[in-house]
Every structure is written in structure tokens, then in C-alpha cells.
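**Q** Let me give you the structure first, and then I'll get to my questions.
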Amino acid sequence: MTMQGLDDVHAAVMAGIRELYSQTVFDLWFGDLHLISLDDKEAVFKINSDFKQGILQKKYADVLKKAVADVLGFEVDIIITSAQKTEGFSITKFSSPPPSIIPKSKKEEEPEPDIGADIESAKVFSQYTFDNFIVGESNKFAHAACIAVARNPATSYNPLFIYGQSGLGKTHLLYAITNEIKNTMPGVRIVYKKGDEFTNELVRAIQDGSTQEFRDRYRKADVLLIDDIQFIAGRESTQEEFFHTFNALHDADKQIILTSDRPPRDIKTLEDRLRTRFEWGLIADIQPPSIELRQAIILKKAEALGITIPPEAVTYLSQKLKNSIRTIEGAIKKISAVSLLTATPITLEMCTTAVASLVTGDKSENDKIEKIFDLISRKYGVSEEDIRGAKRNDNIAKARHMCIYLIRQLTELSLSDIGKLFSRNHATVISSIKYVEGQISSVPGTESDVSDMIATINA
């Protein structure tokens, strides 16, 4: 790799790390760190003292590894060398955080969240803010709701329930809420956890007899954020515990914010008493991004990595990477890494090759759409042409509603893209989905019928 390429990667890595720490901390531990070698297996950094090498190894190994992976789009082993040795380099290599050299107490070994010790969390990344969340039609309501909650916790929307499929920015919004509250209301007790972490902690608490400590930790929070709350569904003890935690916090006017990959009514094994409580406040959904938002995300991510993607490549990427912001981010990082590692100019052809593995799902999705049309056509006795067309007689309309609903449930197409299949707009698609949802909740046998159709299509 060229020296210029190394410098570009190093600058991008350091830019990511700089956002995590104060200028003083960054200058002290990363200011003298230099990237001296890089390939698809390992990155070699050099520091000017053995002491700093030891600190980087003990305290910042995982941070450095993640920062490199964020730039390259894939993980590599990290090697840290010290230039202080008189005979060659002192080298430390790790692919996961290494054990500490100096014995420490249990309390000292626990990682402190990087935005304050009064946040109960494995990690909350301070670089995720409202300012760098890219807003479009598909997410602006959820974004506005989160800002309102962050500025005035427990005053209007409590609980706030955000849902949407994976990779659309739900976790970014939770981090942004956490960071906003920490910056504007120091001292507020915040608890941020994943749904499966809550379950695992409860299991451990039951096993070692520390359930009261577990309860105190959650029920004394001022703000509780649970990401992927759907993971507590079907777990009787976990739901029982969370039910009482929810009540305790809500009764004390403490803010509760939850995310899920589906709305409360669609979490099948969730207890009714929790489902109704989740629906007490405000429910906001995040839809897959429109093509305009995808283009804005591509340009913004490219700018952040210091690369320029030509317009024709931006158009191609926005058409192919339709459903997940996370996938788009990964694609831009991969394009940047390929360009830096191979000194290849960023062109449409280069982008097409670089992201080929990320767009291989198109064919299977098209096949699924064809299966949906075929099944609905046979079930309702109407042609695919009529389902897609303008006729509005009762049977065709019902078939069209069901077809739209199933495509929404079983593919990752956006509402706008679904509308294009039927020459209809975004509002009509929403209307069809709500119609079927109403039938499921009010007409006996409809839910079972829909489940059977989904099973047939997925078979």
C-alpha cells in the first residue's frame, strides 16, 4: 500500500477515535500513534514509548480494532510496535482485547461508558447524535419524537416505542437520546440495555441470589432505554420482572424508551399486560429509506470517509442498496477500503464489483414477490393483471390489499417501491396494510389464514 494510502486510512481511523474521547485523552494516547503497514490481514501501528504501548494494549485495544474495522469495512488483527526498544521493536498482536498485565480489582476491570459513569450500559458511543442522523420522510416522525423525549423526558411521550426492521437507525436514535440527555442534564441516571442483556442479567441475578440488586439498578433509573425489547417475549420470568420494572418507573414519572423490529401488537408471545403498556405512550415507526434518502446517506458517509463517489455510482448504489442504512454504510466503507488498499480510482465499475456480495439478494426477493402474486391470484380467483391494475370491485380490491400486505411483511421493499408495483402512491399502500391489519384483529380466522399464506410463500 502506498504511503499516501496509509496516511488516508490512519487519518480516518484517528477521526473516528477522536470523537470518542476528550482532546486531552486523544492527544495523550493516540497523538503519537502511526500506521506503518496495512493489508487485508493486519494493521501495524507504531508508538514512541513502551509505556504508551502497554496502555494502548490494556485500555484501548478494542477501541482501536473497532475504529480500523469501521474504516475498512472488515476486521483485521492489530499489531502495536514500540520504537523505544534498542534492539528491534516490542510487538503486541491481538485480535481481541488482551488480558491486563498488571492485576486489577474487579471494579477496575469493568469498562466505563465513554460518556459518563452514571450510565448503566456496556457501551454508548458518543459519536451518534441527532445532528448526524440523516432525516428523510421514512424516519422524520421517529426522529422528532426522540428529540422531544430527549429534551423533556417523561413529560409527553411515555413510553416511547420505536419500531422498524434491522439496520434503519433505531439504535442510533437511542444513542442520540442518551448523549443529548447527558450533555444537557448531567446527573440524570440513565440505563441503556439490549433486550437479551436484560434477560441474561436477570438469569444471573436469580442464580447468584442478587435479584434485589438487579431490581434496584433498573427501578432507580431516571431514563430506561431497552433496545430490541422483542427478545423478552416468550420468557415468563423476564416478562414478569419487566412488567414490575415498567410499572415502578412509569408510576414515578421516569422516561421509558423501547425499540423493536415490529409494533407491540405483532410481538406474538408478548404478554397482553405488557403489550397494552407499550401502547400507552407514542408509537413511531421507521420505514426503509427512500431513494432520495439513500442517496443523501451515501454522499454523507462518503464525505465522512474523505472519498468522492461519482454521480453514476451513487445512482447505482441507491438503486441496489434499498433496505438497510447499515448495509449502505458497510458498502461505502468497503468501497473506501478497496480504493485505499489497491490504489484503485472509485468508478461505477469499481463500486459494482466492490458491493456485489451485498446485492445478491435481489433475485430471491423478486422470486418471493412472484410467489405472492401467484398465490393471491389463485386464492382469490383474479388475474395478476387485475391485482396490479385499476379495477376496484370488491374481490379484486381485497386481493390487492392482501398482496400489498404480504409484500410488506415478507420483503424489505419500501412503501414507495411497493406502490410502484401497483402504480399507486405511498398513502394507498399504507391504507391497504391497515385494512388487512384491521381484518386480522376483527375477523375470526383471518390471522390463521394469513399465517398459512406466509408459511406457503416462505416454504
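Every chain in the C-alpha cells has a letter given in the order shown (A, B, ...), and although residue numbers restart at 1 in each chain, ligands are simply numbered from 1 in the order shown.
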May I have a table of the residues of segment 189-270 of chain A lying at most 12 Å from segment 281-288 of chain A, giving each one's closest pair of atoms and their distance in Å to one decimal, counting only C-alpha atoms, ordered by chain and ascending residue number, as a tab-separated table?

**A**
```
residue	atom	partner	partner_atom	distance
A:His250	CA	A:Gly281	CA	10.6
A:Gln255	CA	A:Gly281	CA	10.6
A:Ile256	CA	A:Gly281	CA	9.5
A:Ile257	CA	A:Leu282	CA	9.8
A:Leu258	CA	A:Ile283	CA	9.6
A:Thr259	CA	A:Ala284	CA	9.5
A:Ser260	CA	A:Asp285	CA	9.6
A:Asp261	CA	A:Asp285	CA	9.4
A:Arg262	CA	A:Asp285	CA	8.6
A:Pro263	CA	A:Ile283	CA	7.8
A:Pro264	CA	A:Ile283	CA	8.9
A:Arg265	CA	A:Ile283	CA	11.2
```

**Q** Skip Met14 of chain A itself and residues of its chain fewer than 6 positions away, then list as a PDB file with N, CA and C atoms, in the first residue's frame all residues within 9 Å of it, counting only C-alpha atoms.

**A**
```pdb
ATOM      1  N   PHE A  26      -7.183  12.009  23.830  1.00  0.00           N
ATOM      2  CA  PHE A  26      -6.765  11.624  22.481  1.00  0.00           C
ATOM      3  C   PHE A  26      -5.297  11.967  22.244  1.00  0.00           C
ATOM      4  N   PHE A  30      -3.159   8.687  21.645  1.00  0.00           N
ATOM      5  CA  PHE A  30      -3.217   8.407  20.206  1.00  0.00           C
ATOM      6  C   PHE A  30      -2.451   9.413  19.349  1.00  0.00           C
ATOM      7  N   GLY A  31      -2.041  10.518  19.970  1.00  0.00           N
ATOM      8  CA  GLY A  31      -1.385  11.566  19.191  1.00  0.00           C
ATOM      9  C   GLY A  31      -0.093  11.130  18.526  1.00  0.00           C
ATOM     10  N   LEU A  64      -9.319   0.575  19.256  1.00  0.00           N
ATOM     11  CA  LEU A  64      -8.505   0.691  18.051  1.00  0.00           C
ATOM     12  C   LEU A  64      -8.941  -0.325  16.996  1.00  0.00           C
ATOM     13  N   ALA A  67     -12.217   0.838  15.453  1.00  0.00           N
ATOM     14  CA  ALA A  67     -12.041   2.021  14.611  1.00  0.00           C
ATOM     15  C   ALA A  67     -11.461   1.654  13.245  1.00  0.00           C
ATOM     16  N   VAL A  68     -10.523   0.715  13.230  1.00  0.00           N
ATOM     17  CA  VAL A  68      -9.950   0.260  11.951  1.00  0.00           C
ATOM     18  C   VAL A  68     -11.016  -0.468  11.133  1.00  0.00           C
TER      19      VAL A  68
END
```

**Q** What parts of segment 222-283 of chain A does DSSP call alpha helix (DSSP H)? I'd like the answer as a PDB file with C-alpha atoms, in the first residue's frame.

**A**
```
ATOM      1  CA  GLU A 236     -42.186 -15.784  31.520  1.00  0.00           C
ATOM      2  CA  SER A 237     -39.837 -14.731  34.321  1.00  0.00           C
ATOM      3  CA  THR A 238     -38.308 -11.918  32.266  1.00  0.00           C
ATOM      4  CA  GLN A 239     -41.704 -10.522  31.298  1.00  0.00           C
ATOM      5  CA  GLU A 240     -42.858 -10.702  34.916  1.00  0.00           C
ATOM      6  CA  GLU A 241     -39.794  -8.761  36.067  1.00  0.00           C
ATOM      7  CA  PHE A 242     -40.038  -6.190  33.301  1.00  0.00           C
ATOM      8  CA  PHE A 243     -43.753  -5.686  33.988  1.00  0.00           C
ATOM      9  CA  HIS A 244     -42.991  -4.593  37.561  1.00  0.00           C
ATOM     10  CA  THR A 245     -39.987  -2.535  36.464  1.00  0.00           C
ATOM     11  CA  PHE A 246     -42.127  -0.747  33.882  1.00  0.00           C
ATOM     12  CA  ASN A 247     -44.832  -0.009  36.456  1.00  0.00           C
ATOM     13  CA  ALA A 248     -42.341   1.273  39.028  1.00  0.00           C
ATOM     14  CA  LEU A 249     -40.717   3.664  36.561  1.00  0.00           C
ATOM     15  CA  HIS A 250     -43.918   4.842  34.940  1.00  0.00           C
ATOM     16  CA  ASP A 251     -45.587   5.489  38.299  1.00  0.00           C
ATOM     17  CA  ASP A 272     -51.103  -8.726  26.878  1.00  0.00           C
ATOM     18  CA  ARG A 273     -50.445  -6.669  30.000  1.00  0.00           C
ATOM     19  CA  LEU A 274     -47.057  -5.622  28.590  1.00  0.00           C
ATOM     20  CA  ARG A 275     -48.457  -5.085  25.106  1.00  0.00           C
ATOM     21  CA  THR A 276     -51.055  -2.644  26.416  1.00  0.00           C
ATOM     22  CA  ARG A 277     -48.448  -0.769  28.455  1.00  0.00           C
ATOM     23  CA  PHE A 278     -46.144  -0.459  25.457  1.00  0.00           C
TER      24      PHE A 278
END
```

**Q** Report the residues of segment 261-422 of chain A whose backbone DSSP state falls under strand (DSSP E), written as a PyMOL selection string.

**A** chain A and resi 282-285

**Q** Please tabulate, as JSON lines, the residues of segment 150-236 of chain A that come within 12 Å of segment 406-413 of chain A, each with its closest pair of atoms and the distance in Å to one decimal, counting only C-alpha atoms and ordering rows by chain, then residue number upward.

**A**
```
{"residue": "A:Gly164", "atom": "CA", "partner": "A:Glu412", "partner_atom": "CA", "distance": 10.8}
{"residue": "A:Gln165", "atom": "CA", "partner": "A:Glu412", "partner_atom": "CA", "distance": 8.4}
{"residue": "A:Ser166", "atom": "CA", "partner": "A:Glu412", "partner_atom": "CA", "distance": 10.2}
{"residue": "A:Gly167", "atom": "CA", "partner": "A:Glu412", "partner_atom": "CA", "distance": 11.2}
{"residue": "A:Leu168", "atom": "CA", "partner": "A:Glu412", "partner_atom": "CA", "distance": 11.3}
```

**Q** What would the file look like if the residues just selected were written as a PDB file, in the first residue's frame with N, CA and C atoms?

**A**
```
ATOM      1  N   GLY A 164     -39.097  -0.850  13.675  1.00  0.00           N
ATOM      2  CA  GLY A 164     -38.651  -0.892  12.284  1.00  0.00           C
ATOM      3  C   GLY A 164     -37.661  -2.022  12.130  1.00  0.00           C
ATOM      4  N   GLN A 165     -37.482  -2.468  10.911  1.00  0.00           N
ATOM      5  CA  GLN A 165     -36.588  -3.594  10.687  1.00  0.00           C
ATOM      6  C   GLN A 165     -35.142  -3.229  10.986  1.00  0.00           C
ATOM      7  N   SER A 166     -34.306  -4.233  11.088  1.00  0.00           N
ATOM      8  CA  SER A 166     -32.907  -4.031  11.474  1.00  0.00           C
ATOM      9  C   SER A 166     -32.169  -3.156  10.474  1.00  0.00           C
ATOM     10  N   GLY A 167     -31.288  -2.299  11.005  1.00  0.00           N
ATOM     11  CA  GLY A 167     -30.407  -1.526  10.152  1.00  0.00           C
ATOM     12  C   GLY A 167     -30.943  -0.189   9.699  1.00  0.00           C
ATOM     13  N   LEU A 168     -32.039   0.293  10.304  1.00  0.00           N
ATOM     14  CA  LEU A 168     -32.641   1.549   9.853  1.00  0.00           C
ATOM     15  C   LEU A 168     -32.347   2.737  10.768  1.00  0.00           C
TER      16      LEU A 168
END
```

**Q** Sort by chain and increasing residue number a table of all residues of segment 308-370 of chain A within 10 Å of segment 36-43 of chain A, each with its closest pair of atoms and their distance in Å to one decimal, counting only C-alpha atoms, and write it as a tab-separated table.

**A**
```
residue	atom	partner	partner_atom	distance
A:Ala337	CA	A:Asp40	CA	9.5
A:Val338	CA	A:Asp40	CA	9.8
A:Leu341	CA	A:Asp39	CA	7.0
A:Thr342	CA	A:Asp39	CA	9.6
```

**Q** Residues at most 9 Å from segment 368-381 of chain A, counting only C-alpha atoms, excluding those fewer than 5 positions away in the same chain, as a PyMOL selection string?

**A** chain A and resi 363+387+395-396+398-400+402-403+406-407+410-411+453-454+456-458

**Q** So which residues touch segment 211-222 of chain A within 6 Å, counting only C-alpha atoms, skipping near sequence neighbours fewer than 3 positions away, as a PDB file with all heavy atoms, in the first residue's frame?

**A**
```
ATOM      1  N   ARG A 189     -29.772   9.694  35.890  1.00  0.00           N
ATOM      2  CA  ARG A 189     -29.401   8.275  35.901  1.00  0.00           C
ATOM      3  C   ARG A 189     -30.011   7.581  34.691  1.00  0.00           C
ATOM      4  O   ARG A 189     -31.231   7.459  34.580  1.00  0.00           O
ATOM      5  CB  ARG A 189     -29.888   7.630  37.191  1.00  0.00           C
ATOM      6  CG  ARG A 189     -29.712   6.129  37.267  1.00  0.00           C
ATOM      7  CD  ARG A 189     -28.275   5.706  37.314  1.00  0.00           C
ATOM      8  NE  ARG A 189     -28.142   4.269  37.394  1.00  0.00           N
ATOM      9  CZ  ARG A 189     -26.990   3.631  37.236  1.00  0.00           C
ATOM     10  NH1 ARG A 189     -25.893   4.312  36.990  1.00  0.00           N
ATOM     11  NH2 ARG A 189     -26.931   2.320  37.327  1.00  0.00           N
ATOM     12  N   ILE A 190     -29.176   7.118  33.783  1.00  0.00           N
ATOM     13  CA  ILE A 190     -29.620   6.504  32.538  1.00  0.00           C
ATOM     14  C   ILE A 190     -29.232   5.034  32.526  1.00  0.00           C
ATOM     15  O   ILE A 190     -28.102   4.670  32.863  1.00  0.00           O
ATOM     16  CB  ILE A 190     -28.984   7.212  31.316  1.00  0.00           C
ATOM     17  CG1 ILE A 190     -29.330   8.698  31.306  1.00  0.00           C
ATOM     18  CG2 ILE A 190     -29.445   6.555  30.018  1.00  0.00           C
ATOM     19  CD1 ILE A 190     -28.572   9.485  30.256  1.00  0.00           C
ATOM     20  N   ALA A 205     -28.825 -12.982  38.064  1.00  0.00           N
ATOM     21  CA  ALA A 205     -29.248 -12.485  39.373  1.00  0.00           C
ATOM     22  C   ALA A 205     -30.009 -13.556  40.153  1.00  0.00           C
ATOM     23  O   ALA A 205     -29.837 -13.704  41.367  1.00  0.00           O
ATOM     24  CB  ALA A 205     -30.113 -11.237  39.202  1.00  0.00           C
ATOM     25  N   ILE A 206     -30.845 -14.313  39.462  1.00  0.00           N
ATOM     26  CA  ILE A 206     -31.586 -15.397  40.109  1.00  0.00           C
ATOM     27  C   ILE A 206     -30.622 -16.484  40.581  1.00  0.00           C
ATOM     28  O   ILE A 206     -30.742 -17.018  41.683  1.00  0.00           O
ATOM     29  CB  ILE A 206     -32.633 -15.976  39.140  1.00  0.00           C
ATOM     30  CG1 ILE A 206     -33.732 -14.937  38.865  1.00  0.00           C
ATOM     31  CG2 ILE A 206     -33.249 -17.254  39.706  1.00  0.00           C
ATOM     32  CD1 ILE A 206     -34.711 -15.342  37.781  1.00  0.00           C
ATOM     33  N   THR A 245     -40.937  -3.630  36.691  1.00  0.00           N
ATOM     34  CA  THR A 245     -39.987  -2.535  36.464  1.00  0.00           C
ATOM     35  C   THR A 245     -40.662  -1.398  35.703  1.00  0.00           C
ATOM     36  O   THR A 245     -40.514  -0.219  36.048  1.00  0.00           O
ATOM     37  CB  THR A 245     -38.772  -3.055  35.670  1.00  0.00           C
ATOM     38  OG1 THR A 245     -38.073  -4.019  36.458  1.00  0.00           O
ATOM     39  CG2 THR A 245     -37.829  -1.917  35.317  1.00  0.00           C
ATOM     40  N   LYS A 254     -40.765   8.402  35.380  1.00  0.00           N
ATOM     41  CA  LYS A 254     -39.458   8.232  34.757  1.00  0.00           C
ATOM     42  C   LYS A 254     -39.660   7.819  33.292  1.00  0.00           C
ATOM     43  O   LYS A 254     -40.606   7.129  32.956  1.00  0.00           O
ATOM     44  CB  LYS A 254     -38.639   7.165  35.487  1.00  0.00           C
ATOM     45  CG  LYS A 254     -38.483   7.421  36.979  1.00  0.00           C
ATOM     46  CD  LYS A 254     -37.807   8.751  37.285  1.00  0.00           C
ATOM     47  CE  LYS A 254     -37.583   8.922  38.783  1.00  0.00           C
ATOM     48  NZ  LYS A 254     -36.950  10.225  39.096  1.00  0.00           N
TER      49      LYS A 254
END
```

**Q** To one decimal in Å, tell me the separation between atom CA of Ser156 of chain A and atom CA of Asp253 of chain A.

**A**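 Interatomic distance, atom CA of Ser156 of chain A to atom CA of Asp253 of chain A: 10.4 Å.
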
**Q** Could you pull the residues within 10 Å of Gly234 of chain A, counting only C-alpha atoms, minus those fewer than 4 positions along the same chain, as a PyMOL selection string?

**A** chain A and resi 230+238-239+267-271

**Q** Can those selected residues be exported to a file as a tab-separated table (two decimals), in the first residue's frame so that it contains all heavy atoms?

**A**
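Saved file out-v3.tsv follows:
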```
chain	number	residue	atom	x	y	z
A	230	GLN	N	-38.23	-6.97	21.88
A	230	GLN	CA	-38.92	-8.21	21.47
A	230	GLN	C	-38.24	-9.46	22.02
A	230	GLN	O	-38.86	-10.53	22.09
A	230	GLN	CB	-39.03	-8.30	19.94
A	230	GLN	CG	-37.75	-8.62	19.19
A	230	GLN	CD	-36.94	-7.38	18.84
A	230	GLN	OE1	-37.26	-6.29	19.31
A	230	GLN	NE2	-35.93	-7.56	18.00
A	238	THR	N	-38.80	-13.22	32.73
A	238	THR	CA	-38.31	-11.92	32.27
A	238	THR	C	-39.46	-10.95	32.08
A	238	THR	O	-39.37	-9.77	32.46
A	238	THR	CB	-37.54	-12.08	30.94
A	238	THR	OG1	-36.50	-13.04	31.11
A	238	THR	CG2	-36.93	-10.75	30.52
A	239	GLN	N	-40.56	-11.40	31.50
A	239	GLN	CA	-41.70	-10.52	31.30
A	239	GLN	C	-42.31	-10.10	32.63
A	239	GLN	O	-42.73	-8.95	32.79
A	239	GLN	CB	-42.75	-11.22	30.43
A	239	GLN	CG	-42.29	-11.40	28.98
A	239	GLN	CD	-43.40	-11.91	28.08
A	239	GLN	OE1	-44.16	-11.14	27.51
A	239	GLN	NE2	-43.49	-13.23	27.95
A	267	ILE	N	-45.82	-8.63	18.25
A	267	ILE	CA	-44.91	-9.47	19.05
A	267	ILE	C	-45.75	-10.58	19.65
A	267	ILE	O	-46.36	-10.43	20.72
A	267	ILE	CB	-44.20	-8.64	20.13
A	267	ILE	CG1	-43.50	-7.43	19.51
A	267	ILE	CG2	-43.16	-9.50	20.86
A	267	ILE	CD1	-42.85	-6.50	20.53
A	268	LYS	N	-45.84	-11.69	18.97
A	268	LYS	CA	-46.85	-12.71	19.23
A	268	LYS	C	-46.82	-13.28	20.65
A	268	LYS	O	-47.85	-13.53	21.24
A	268	LYS	CB	-46.72	-13.85	18.21
A	268	LYS	CG	-46.89	-13.41	16.76
A	268	LYS	CD	-48.25	-12.75	16.52
A	268	LYS	CE	-48.42	-12.35	15.06
A	268	LYS	NZ	-49.68	-11.59	14.85
A	269	THR	N	-45.64	-13.52	21.19
A	269	THR	CA	-45.56	-14.17	22.51
A	269	THR	C	-45.37	-13.16	23.64
A	269	THR	O	-44.95	-13.51	24.74
A	269	THR	CB	-44.41	-15.18	22.53
A	269	THR	OG1	-43.19	-14.53	22.13
A	269	THR	CG2	-44.69	-16.34	21.58
A	270	LEU	N	-45.69	-11.90	23.38
A	270	LEU	CA	-45.63	-10.87	24.41
A	270	LEU	C	-46.92	-10.89	25.22
A	270	LEU	O	-48.02	-10.95	24.66
A	270	LEU	CB	-45.44	-9.49	23.78
A	270	LEU	CG	-45.22	-8.31	24.72
A	270	LEU	CD1	-43.88	-8.43	25.43
A	270	LEU	CD2	-45.30	-6.99	23.95
A	271	GLU	N	-46.81	-10.84	26.54
A	271	GLU	CA	-47.99	-10.85	27.40
A	271	GLU	C	-48.85	-9.62	27.12
A	271	GLU	O	-48.35	-8.53	26.88
A	271	GLU	CB	-47.57	-10.86	28.87
A	271	GLU	CG	-46.90	-12.15	29.32
A	271	GLU	CD	-46.51	-12.12	30.79
A	271	GLU	OE1	-46.74	-11.06	31.44
A	271	GLU	OE2	-45.99	-13.13	31.28
```
